[in-house]
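Data file: data_38.csv. Format and content: CSV, N, CA and C atoms.
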chain,number,residue,atom,x,y,z
A,1,LEU,N,105.4,109.7,91.5
A,1,LEU,CA,104.1,109.8,92.2
A,1,LEU,C,104.2,110.6,93.4
A,2,ASP,N,103.3,111.6,93.5
A,2,ASP,CA,103.3,112.5,94.7
A,2,ASP,C,102.1,112.2,95.6
A,3,SER,N,102.1,112.8,96.7
A,3,SER,CA,101.0,112.5,97.7
A,3,SER,C,99.6,112.8,97.2
A,4,ALA,N,99.5,113.9,96.4
A,4,ALA,CA,98.1,114.2,95.9
A,4,ALA,C,97.7,113.2,94.9
A,5,ARG,N,98.6,112.7,94.1
A,5,ARG,CA,98.2,111.6,93.1
A,5,ARG,C,97.9,110.3,93.8
A,6,ALA,N,98.7,110.0,94.8
A,6,ALA,CA,98.4,108.8,95.6
A,6,ALA,C,97.1,108.8,96.3
A,7,LYS,N,96.7,110.0,96.8
A,7,LYS,CA,95.4,110.1,97.5
A,7,LYS,C,94.3,110.0,96.4
A,8,GLU,N,94.5,110.6,95.3
A,8,GLU,CA,93.5,110.5,94.2
A,8,GLU,C,93.3,109.0,93.8
A,9,LEU,N,94.4,108.2,93.6
A,9,LEU,CA,94.3,106.8,93.3
A,9,LEU,C,93.6,106.0,94.3
A,10,ILE,N,93.9,106.3,95.6
A,10,ILE,CA,93.3,105.5,96.7
A,10,ILE,C,91.8,105.8,96.8
A,11,GLU,N,91.4,107.1,96.6
A,11,GLU,CA,90.0,107.5,96.6
A,11,GLU,C,89.2,106.7,95.5
A,12,LYS,N,89.8,106.6,94.4
A,12,LYS,CA,89.2,105.9,93.3
A,12,LYS,C,89.0,104.4,93.6
A,13,GLU,N,90.0,103.8,94.2
A,13,GLU,CA,89.9,102.4,94.6
A,13,GLU,C,89.0,102.2,95.7
A,14,LEU,N,88.8,103.1,96.6
A,14,LEU,CA,87.9,103.0,97.7
A,14,LEU,C,86.4,102.9,97.1
A,15,LEU,N,86.2,103.7,96.1
A,15,LEU,CA,84.9,103.7,95.4
A,15,LEU,C,84.7,102.5,94.6
A,16,GLU,N,85.7,102.1,93.8
A,16,GLU,CA,85.5,101.0,92.8
A,16,GLU,C,85.6,99.6,93.4
A,17,GLN,N,86.4,99.5,94.5
A,17,GLN,CA,86.6,98.3,95.2
A,17,GLN,C,87.1,97.1,94.3
A,18,ARG,N,88.0,97.4,93.4
A,18,ARG,CA,88.5,96.4,92.5
A,18,ARG,C,89.5,95.5,93.1
A,19,PHE,N,90.1,95.9,94.2
A,19,PHE,CA,91.2,95.2,94.8
A,19,PHE,C,90.8,94.9,96.3
A,20,THR,N,91.3,93.8,96.8
A,20,THR,CA,91.1,93.5,98.2
A,20,THR,C,92.2,94.1,99.1
A,21,LEU,N,93.4,94.2,98.6
A,21,LEU,CA,94.5,94.7,99.4
A,21,LEU,C,95.4,95.6,98.6
A,22,ILE,N,95.7,96.8,99.2
A,22,ILE,CA,96.6,97.7,98.5
A,22,ILE,C,97.7,98.1,99.4
A,23,PHE,N,98.9,98.0,98.9
A,23,PHE,CA,100.1,98.4,99.7
A,23,PHE,C,100.6,99.7,99.1
A,24,ILE,N,100.8,100.7,100.0
A,24,ILE,CA,101.4,101.9,99.6
A,24,ILE,C,102.5,102.3,100.5
A,25,ASP,N,103.4,103.2,100.0
A,25,ASP,CA,104.5,103.7,100.8
A,25,ASP,C,103.9,104.4,102.0
A,26,GLU,N,104.4,104.1,103.2
A,26,GLU,CA,103.8,104.7,104.4
A,26,GLU,C,104.0,106.2,104.5
A,27,LYS,N,104.9,106.7,103.7
A,27,LYS,CA,105.1,108.2,103.8
A,27,LYS,C,103.8,108.9,103.2
A,28,PHE,N,103.1,108.2,102.3
A,28,PHE,CA,101.9,108.8,101.8
A,28,PHE,C,100.8,108.8,102.9
A,29,LEU,N,100.7,107.7,103.7
A,29,LEU,CA,99.7,107.7,104.7
A,29,LEU,C,100.0,108.8,105.7
A,30,LEU,N,101.3,109.1,106.0
A,30,LEU,CA,101.6,110.1,106.9
A,30,LEU,C,101.3,111.5,106.4
A,31,SER,N,101.3,111.6,105.1
A,31,SER,CA,101.0,113.0,104.5
A,31,SER,C,99.5,113.3,104.3
A,32,PHE,N,98.7,112.2,104.4
A,32,PHE,CA,97.2,112.4,104.2
A,32,PHE,C,96.6,113.1,105.5
A,33,ASP,N,95.6,113.8,105.3
A,33,ASP,CA,94.9,114.4,106.4
A,33,ASP,C,94.2,113.4,107.3
A,34,SER,N,93.9,113.7,108.5
A,34,SER,CA,93.4,112.7,109.4
A,34,SER,C,92.0,112.2,109.0
A,35,ARG,N,91.2,113.0,108.4
A,35,ARG,CA,89.9,112.6,107.9
A,35,ARG,C,90.0,111.5,106.8
A,36,PHE,N,90.9,111.7,105.9
A,36,PHE,CA,91.1,110.7,104.9
A,36,PHE,C,91.7,109.4,105.4
A,37,ASN,N,92.7,109.6,106.4
A,37,ASN,CA,93.3,108.4,107.0
A,37,ASN,C,92.2,107.6,107.7
A,38,LYS,N,91.3,108.2,108.4
A,38,LYS,CA,90.2,107.5,109.1
A,38,LYS,C,89.3,106.8,108.1
A,39,LYS,N,89.1,107.4,106.9
A,39,LYS,CA,88.3,106.7,105.9
A,39,LYS,C,89.0,105.5,105.4
A,40,ILE,N,90.3,105.6,105.2
A,40,ILE,CA,91.1,104.4,104.8
A,40,ILE,C,91.1,103.3,105.9
A,41,GLN,N,91.2,103.7,107.2
A,41,GLN,CA,91.2,102.7,108.3
A,41,GLN,C,89.9,102.0,108.4
A,42,GLU,N,88.8,102.7,108.1
A,42,GLU,CA,87.5,102.1,108.2
A,42,GLU,C,87.1,101.3,107.0
A,43,SER,N,87.8,101.3,106.0
A,43,SER,CA,87.5,100.6,104.8
A,43,SER,C,87.9,99.1,105.0
A,44,ALA,N,86.9,98.2,104.7
A,44,ALA,CA,87.2,96.8,104.7
A,44,ALA,C,87.7,96.3,103.4
A,45,LYS,N,87.2,96.9,102.3
A,45,LYS,CA,87.7,96.6,101.0
A,45,LYS,C,87.8,97.8,100.1
A,46,PRO,N,88.9,98.1,99.7
A,46,PRO,CA,90.2,97.4,99.9
A,46,PRO,C,90.8,97.8,101.2
A,47,LEU,N,91.6,96.8,101.7
A,47,LEU,CA,92.4,97.1,102.9
A,47,LEU,C,93.6,97.8,102.4
A,48,VAL,N,93.9,99.0,102.9
A,48,VAL,CA,95.1,99.7,102.5
A,48,VAL,C,96.1,99.7,103.6
A,49,MET,N,97.3,99.2,103.2
A,49,MET,CA,98.4,99.0,104.2
A,49,MET,C,99.6,99.9,103.7
A,50,GLY,N,100.1,100.7,104.7
A,50,GLY,CA,101.3,101.4,104.4
A,50,GLY,C,102.5,100.6,104.8
A,51,ILE,N,103.5,100.6,103.9
A,51,ILE,CA,104.7,99.8,104.2
A,51,ILE,C,105.9,100.7,104.0
A,52,PRO,N,106.9,100.5,104.8
A,52,PRO,CA,108.1,101.4,104.7
A,52,PRO,C,109.0,100.9,103.5
A,53,LEU,N,109.1,101.8,102.5
A,53,LEU,CA,109.9,101.4,101.3
A,53,LEU,C,111.2,102.1,101.5
A,54,LYS,N,112.2,101.3,101.2
A,54,LYS,CA,113.6,101.8,101.3
A,54,LYS,C,114.1,102.0,99.9
A,55,SER,N,114.8,103.2,99.7
A,55,SER,CA,115.3,103.4,98.4
A,55,SER,C,116.7,102.8,98.2
A,56,LYS,N,117.4,102.6,99.3
A,56,LYS,CA,118.7,101.9,99.2
A,56,LYS,C,118.8,100.8,100.2
A,57,PHE,N,119.5,99.7,99.8
A,57,PHE,CA,119.6,98.6,100.7
A,57,PHE,C,121.1,98.5,101.1
A,58,LYS,N,121.3,98.0,102.4
A,58,LYS,CA,122.6,97.7,102.8
A,58,LYS,C,123.2,96.5,102.0
A,59,GLU,N,122.3,95.5,101.8
A,59,GLU,CA,122.6,94.4,101.0
A,59,GLU,C,121.8,94.5,99.7
A,60,GLU,N,122.3,93.8,98.7
A,60,GLU,CA,121.6,93.8,97.4
A,60,GLU,C,120.5,92.8,97.5
A,61,LEU,N,119.3,93.2,97.5
A,61,LEU,CA,118.1,92.4,97.5
A,61,LEU,C,117.2,92.7,96.3
A,62,GLN,N,116.6,91.6,95.8
A,62,GLN,CA,115.6,91.8,94.8
A,62,GLN,C,114.4,92.3,95.4
A,63,ALA,N,113.5,93.0,94.7
A,63,ALA,CA,112.3,93.6,95.2
A,63,ALA,C,111.4,92.5,95.9
A,64,GLN,N,111.3,91.4,95.2
A,64,GLN,CA,110.5,90.3,95.8
A,64,GLN,C,111.0,89.8,97.1
A,65,ASP,N,112.4,89.7,97.2
A,65,ASP,CA,113.0,89.2,98.5
A,65,ASP,C,112.8,90.3,99.6
A,66,TYR,N,112.8,91.5,99.3
A,66,TYR,CA,112.6,92.6,100.2
A,66,TYR,C,111.1,92.5,100.7
A,67,PHE,N,110.2,92.4,99.8
A,67,PHE,CA,108.8,92.3,100.2
A,67,PHE,C,108.6,91.1,101.1
A,68,LEU,N,109.1,89.9,100.7
A,68,LEU,CA,108.9,88.7,101.5
A,68,LEU,C,109.5,88.9,102.9
A,69,LYS,N,110.7,89.5,103.0
A,69,LYS,CA,111.3,89.7,104.3
A,69,LYS,C,110.5,90.6,105.2
A,70,MET,N,110.0,91.7,104.6
A,70,MET,CA,109.2,92.7,105.3
A,70,MET,C,107.9,92.0,105.8
A,71,ILE,N,107.2,91.2,105.0
A,71,ILE,CA,106.0,90.6,105.5
A,71,ILE,C,106.3,89.6,106.6
A,72,GLN,N,107.4,88.8,106.4
A,72,GLN,CA,107.7,87.8,107.4
A,72,GLN,C,108.0,88.5,108.7
A,73,ASP,N,108.7,89.6,108.7
A,73,ASP,CA,109.0,90.4,109.9
A,73,ASP,C,107.7,90.9,110.6
A,74,ALA,N,106.8,91.3,109.8
A,74,ALA,CA,105.5,91.9,110.3
A,74,ALA,C,104.6,90.9,110.9
A,75,ILE,N,104.5,89.7,110.2
A,75,ILE,CA,103.5,88.7,110.7
A,75,ILE,C,104.1,87.5,111.4
A,76,GLY,N,105.4,87.4,111.3
A,76,GLY,CA,106.1,86.3,111.9
A,76,GLY,C,106.0,84.9,111.2
A,77,TYR,N,105.5,85.0,109.9
A,77,TYR,CA,105.5,83.8,109.1
A,77,TYR,C,106.1,84.0,107.8
A,78,GLU,N,106.7,82.9,107.2
A,78,GLU,CA,107.2,83.0,105.9
A,78,GLU,C,106.1,82.7,104.9
A,79,ILE,N,106.0,83.6,103.9
A,79,ILE,CA,105.0,83.4,102.8
A,79,ILE,C,105.8,83.1,101.5
A,80,ARG,N,105.1,82.5,100.6
A,80,ARG,CA,105.7,82.2,99.3
A,80,ARG,C,104.8,82.7,98.2
A,81,ILE,N,105.4,83.4,97.3
A,81,ILE,CA,104.7,84.0,96.2
A,81,ILE,C,105.0,83.2,95.0
A,82,ARG,N,104.0,82.7,94.3
A,82,ARG,CA,104.3,82.0,93.1
A,82,ARG,C,103.8,82.7,91.9
Render the structure in this file as structure tokens.
Amino acid sequence: LDSARAKELIEKELLEQRFTLIFIDEKFLLSFDSRFNKKIQESAKPLVMGIPLKSKFKEELQAQDYFLKMIQDAIGYEIRIR
């Protein structure tokens, strides 16, 4: 997935509003132009959040464990996904 494709998919979801929350790699947000980033920030649905994705881990973690730790660090609460 490249930046142009990510932008295309986000634009589609901003129009269709099928999801409430979308997580994307923050490197995509950094690559988008300021006008498009403003459009994303002003959107209430879906809420688009950039998250730092790591390609390698110092410790072996499952994807779900990494996600849970990242959210806990960001909001200060432990969440549980069932």
Atomic distance CA of Leu15 in chain A - CA of Leu53 in chain A, expressed in Å with one decimal: 25.8 Å
Work out where the centre of an axis-aligned box around every listed atom of range 5-24 of chain A lies and how long its edges are once 6 Å is added on each side; give both in Å to one decimal as AutoDock Vina command-line options.
--center_x 93.6 --center_y 103.1 --center_z 96.5 --size_x 29.8 --size_y 31.2 --size_z 20.0
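Between atom N of Arg5 in chain A and CA of Gln41 in chain A there is a distance of 18.9 Å.
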Residue contacts of Leu14 in chain A (7 Å, all atoms listed in the file) excluding same-chain residues fewer than 4 positions away, as a ChimeraX atom specification: /A:9-10,18,45-46
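Interatomic distance, CA of Ile51 in chain A to CA of Asp25 in chain A: 5.2 Å.
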Range 42-44 of chain A environment, 8 Å, all atoms listed in the file, sequence neighbours closer than 4 positions dropped, as a PyMOL selection string: chain A and resi 14+19-21+36-38+48
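Closest approach to Leu29 in chain A among A:Gly50, A:Glu11, A:Gln17, A:Ala4: A:Gly50, based on all atoms listed in the file.
Of the residues under consideration (A:Arg35, A:Glu8, A:Met49, A:Asp2), A:Met49 shows the shortest atom-to-atom contact distance to Phe23 in chain A when counting only N, CA and C atoms.
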